[in-house]
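*Asks:* Let me begin by handing over the structure; questions about it come next.
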Amino acid sequence: MTPLAGFLIVAALVFAIGLAVALTRRNAIMVLIGIELMLNAANLNLIAFWRFSPHPEALTGMMFALFSIAVAAAEAAVGLGLVIAYHRHTKTTDLDAMPRMKG
Amino acid sequence: MNFQALTLPEKLDQLFVFVQHWIMGFFPAHWQPLVGALVGVVGIVASFPAIFALTTVLERKGLGRMQNRLGPNRVGPLGIFQPVADGIKSLTKEDIVPVSADGVVHFLAPVVLVVAIFLGYASLPIGRNMVLVNIDAGLLFFFAVGASTELSIFMAGWSSRNKYSLLGAMRAVAQMISYEVPLLMSAIVAVMMTGSLSTVKIVEAQSGFTGIFPHWYVFTPWGFAGFVLFVIAALAETNRTPFDLPEGESELVAGYFTEYSGFKFALFFLGEYLGMMSIAGFGITLFLGGWGAPFSFLNFIPSWAWFFLKLLAALCFFIWLRGTLPRLRQDQLMNFAWKFMLPMTLLNLMVAAAWRFLGDSATGAWLRWVLCAGVLLLAYVGLGRVLMRKQRLGARSYRYAE
Amino acid sequence: MIFGLSIAFWITALFTVAGALAAALLKNLVHCALSLTVTFAGLAILFLQLDAQFAGFAQMLVYIGAVAILVVFAILLTRGAGAPEYRIYTSSWLAGIAIAAAVFALLAWSVITSLPAGAGSAAPDVTVLSIGQALMSTYVLPLEIVAVVLTVALIGAVIVAMHDKGDAKTHEQKGGAQ
């Protein structure tokens, strides 16, 4: 196993766990946590590919990861804001109890 | 470097560096980096808690003087061994954990706090060639590590299962996040001027002299504004008076560490003071020339001595503020952060950029001084007027319960 | 050195995956958020091991300093702390786990089979200065777009989380907290 493969396997594991969290947990905040895990795993992939690429001086992978971190922060803020707003209307964060998302 | 070839002031200046190299010399070559790092860590872990002990006695005696009382004067001559007695007391006290507390989180909170704060010292230059890790992004490292203290405070407050602890923790976290934005933004001006995030380079950029006066960033309009904003944000970040709402003894019985006793309480106490010292150290590095001498003819005094003298002065200033200012209200605190600090730091960034591009030619130098100082002063007065417009200042009316 | 990787890597990887697993399995939401922080910190250290100093510190600052705190605030505001009274997994949890396992199997299979032995090149000489110059030249358009996205997200989060006008109290700084 090469060093790159080691990092990619860790990223794949974290991604799979994140996917499982997003698909199986009932709480809306936990789904957001799962999405954050998946985004982080993708970032690790980007950085690992950047480090072991033939031309790391080009910075492409690292820049992609930096922008991804910034967008993930925005996503977390808006996502949690939505959860709080929904909780205010229905007093629940249980996804099984959210059959309709109109008004 | 050859120790013998240096003059006496230079020898004194590099004393600790040579001690480190001397100790490293006893070990085989491939162990030397590790041993060198270890010696540095031991130096920091030993010296800053020692200053912490000194600060506690200084604070208690200083506050005592300000409040017309004597302060501790029983242990040792003039009470200077008070910290030793306090240390023994907190070590031998019973460690009480509430029954309903979340055991693991309750235990981890003070540990995470102290570890995170000690990590922050790694990129603090305390003298010429005296920095633990000279990394390219040293300042970013300090802020990144400092960010995890908020989480440990939340852990402490939440795991105690006590409403006062939780309230204190939520207040602390909200306050620290609100003031972290101005703290970072006010630090950025120094980074902009130096063109580097490395703390060592920031100090070196301020080490020149014009005549006998140093090139500290605080002696420029943007530097002065940035320094004042940084100090205010640093006070809020370390929960010092007048921003000590999270621990308000009279309303929250010490806030997030109400349910801690014995050694864990001592760790919180230590963490609080170490955080204050590290943020003061970074303020000194960013705006007050780090380990540089304040006048060129005082250069013979070792660089580390200057750093610690400035640190002591900063601590005395913090104690003086604690003895002087009353505590803010929660809404005043938040309004001040978002309506005053944030616009001022943003404006300061632009002023610093203008300063940089106006250049220091003969006419440009005067122009930029007048322009930058004028803009900042105008914004300060204008913003202050607008924010205070609806405030009615006058004799306070009291209401008493019948 | 195990499989050409240092001990430090394996310890960090272990912590990272263990944190993610704990976040998936624990009942108490605050515990989930705290173990998520362990994963964030582990990933930041992995970034540092990949010589991506700036990205590692940015990860720490953004995720541990802001996102984790935001998640914790959201949990407390939606009264999610404490043990939940209902089941924590959805009714279709088996399908979810099966999909996740399939995705992992596919990723792991492709990683193990398709890679040529990538020679670990020397550490790239990347300074903060070069990152800054790249951000201001090659990547200036993405940077500006991210700035707009962040501003919109800030305003949007405040508006979404703000109480309606009829409500008695107004919430302060909910979305703006990051």
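By convention in this document, the chains of the structure tokens carry letters A, B, ... by their order, each chain's residues are numbered from 1, and ligands are numbered from 1 in the order they are shown.
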Please identify all polymer residues within 9 Å of C:Arg79, counting only C-alpha atoms, omitting same-chain residues fewer than 4 positions from it, and present them as a ChimeraX atom specification.

*Replies:* /A:92 /C:74-75

*Asks:* For stretch 346-359 of chain B, please output as a VMD selection string all residues within 6 Å (counting only C-alpha atoms; exclusion window: fewer than 2 positions along the same chain).

*Replies:* chain B and resid 189 222 343 to 344 361 364 368 372

*Asks:* Let's see if you can do this: from backbone DSSP, list all alpha helix (DSSP H) residues in stretch 32-110 of chain C, as a PyMOL selection string.

*Replies:* chain C and resi 32-49+53-59+68-77+93-110

*Asks:* For a quick check of understanding, using only C-alpha atoms, which of C:Val67, C:Ala101, C:Leu94, C:Val111 has the smallest distance to A:Val14?

*Replies:*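 With only C-alpha atoms as the atom set, the closest residue is C:Ala101.
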
*Asks:* Any idea what's packed within 9 Å of A:Leu80, counting only C-alpha atoms, ignoring anything in its chain fewer than 4 positions away? Could you give it as a ChimeraX atom specification?

*Replies:* /A:28-29,32,75-76,84-85 /C:70-71,74,157,161,175

*Asks:* Quick one: everything within 8 Å of B:Ser261, counting only C-alpha atoms, minus sequence neighbours fewer than 5 positions away in the same chain. Send it as a PyMOL selection string.

*Replies:* chain B and resi 90+93-96+266

*Asks:* Need to verify the contact set: B:Ala137, 9 Å, only C-alpha atoms, exclusion of same-chain residues closer than 5 positions in sequence. Can you return it as an NGL selection string?

*Replies:* (:B and (123 or 142 or 196-199)) or (:C and (53-54 or 57 or 127-128))

*Asks:* So that I have them on file, write out the residues from the current selection with N, CA, C and O atoms, as an mmCIF file, in the first residue's frame.

*Replies:*
```cif
data_model
loop_
_atom_site.group_PDB
_atom_site.id
_atom_site.type_symbol
_atom_site.label_atom_id
_atom_site.label_comp_id
_atom_site.auth_asym_id
_atom_site.auth_seq_id
_atom_site.Cartn_x
_atom_site.Cartn_y
_atom_site.Cartn_z
ATOM 1 N N SER B 123 4.250 29.250 19.018
ATOM 2 C CA SER B 123 4.716 30.171 17.978
ATOM 3 C C SER B 123 4.918 31.586 18.519
ATOM 4 O O SER B 123 4.927 32.535 17.761
ATOM 5 N N PHE B 142 -1.686 30.170 16.180
ATOM 6 C CA PHE B 142 -2.140 30.638 17.484
ATOM 7 C C PHE B 142 -3.663 30.787 17.506
ATOM 8 O O PHE B 142 -4.338 30.334 18.428
ATOM 9 N N SER B 196 3.703 38.818 5.998
ATOM 10 C CA SER B 196 3.971 37.450 6.435
ATOM 11 C C SER B 196 3.124 37.139 7.660
ATOM 12 O O SER B 196 2.812 38.017 8.451
ATOM 13 N N LEU B 197 2.750 35.854 7.804
ATOM 14 C CA LEU B 197 2.032 35.418 9.004
ATOM 15 C C LEU B 197 3.000 34.913 10.067
ATOM 16 O O LEU B 197 2.577 34.526 11.141
ATOM 17 N N SER B 198 4.292 34.892 9.745
ATOM 18 C CA SER B 198 5.270 34.370 10.691
ATOM 19 C C SER B 198 5.505 35.388 11.807
ATOM 20 O O SER B 198 5.800 36.556 11.545
ATOM 21 N N THR B 199 5.352 34.943 13.063
ATOM 22 C CA THR B 199 5.499 35.872 14.184
ATOM 23 C C THR B 199 6.913 36.429 14.249
ATOM 24 O O THR B 199 7.115 37.588 14.609
ATOM 25 N N GLN C 53 0.109 23.002 5.546
ATOM 26 C CA GLN C 53 0.037 23.704 6.827
ATOM 27 C C GLN C 53 -1.160 24.658 6.880
ATOM 28 O O GLN C 53 -1.953 24.623 7.811
ATOM 29 N N PHE C 54 -1.265 25.465 5.830
ATOM 30 C CA PHE C 54 -2.309 26.499 5.829
ATOM 31 C C PHE C 54 -3.690 25.867 5.873
ATOM 32 O O PHE C 54 -4.558 26.285 6.648
ATOM 33 N N PHE C 57 -4.455 24.497 9.418
ATOM 34 C CA PHE C 57 -4.828 25.510 10.404
ATOM 35 C C PHE C 57 -6.192 26.103 10.069
ATOM 36 O O PHE C 57 -6.986 26.401 10.971
ATOM 37 N N THR C 127 4.680 28.168 0.634
ATOM 38 C CA THR C 127 4.607 29.113 1.738
ATOM 39 C C THR C 127 3.243 29.788 1.718
ATOM 40 O O THR C 127 2.504 29.703 0.734
ATOM 41 N N VAL C 128 2.927 30.437 2.828
ATOM 42 C CA VAL C 128 1.679 31.187 2.882
ATOM 43 C C VAL C 128 1.684 32.280 1.818
ATOM 44 O O VAL C 128 0.658 32.610 1.220
#
```

*Asks:* Quick one: residues within 7 Å of B:Ser148, only C-alpha atoms, excluding same-chain residues fewer than 6 positions away - as a PDB file with N, CA and C atoms, in the first residue's frame?

*Replies:*
```
ATOM      1  N   ALA B 116      -4.711  23.205  25.033  1.00  0.00           N
ATOM      2  CA  ALA B 116      -4.875  24.100  23.886  1.00  0.00           C
ATOM      3  C   ALA B 116      -4.140  25.406  24.125  1.00  0.00           C
TER       4      ALA B 116
ATOM      5  N   ILE C  64     -13.301  23.510  14.133  1.00  0.00           N
ATOM      6  CA  ILE C  64     -13.365  23.392  15.598  1.00  0.00           C
ATOM      7  C   ILE C  64     -13.840  24.707  16.199  1.00  0.00           C
ATOM      8  N   GLY C  65     -13.360  25.824  15.641  1.00  0.00           N
ATOM      9  CA  GLY C  65     -13.699  27.110  16.227  1.00  0.00           C
ATOM     10  C   GLY C  65     -15.093  27.583  15.894  1.00  0.00           C
TER      11      GLY C  65
END
```

*Asks:* Based on only C-alpha atoms, which of the residues in chain C come within 9 Å of chain B? I want them as a PyMOL selection string.

*Replies:* chain C and resi 30-31+34+53-54+57-62+64-66+68-69+72-73+127-129+172-173+176-178

*Asks:* What separation in Å, quoted to one decimal, exists between atom CA of B:Tyr164 and atom CA of C:Leu26?

*Replies:*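 The value is 26.3 Å.
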
*Asks:* Counting only C-alpha atoms, collect the residues of chain C whose closest atom lies at most 6 Å from chain A, and write them out as a list in words.

*Replies:* Phe3, Leu5, Ala24, Ile88, Tyr89, Thr90, Trp93, Gly96, Ile97, Ala100, Phe104, Leu150, Ala153, Ala157, Val160 and Ala161 of chain C

*Asks:* For B:Ile202, please output as a list in words all residues within 10 Å (counting only C-alpha atoms; exclusion window: fewer than 6 positions along the same chain).

*Replies:*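 Counting only the stated atoms, we get Pro125, Leu139, Ala190, Val191, Met192, Met193, Thr194, Gly195, Ser196, Tyr217, Thr285, Leu286, Phe287, Gly289 and Gly290 of chain B.
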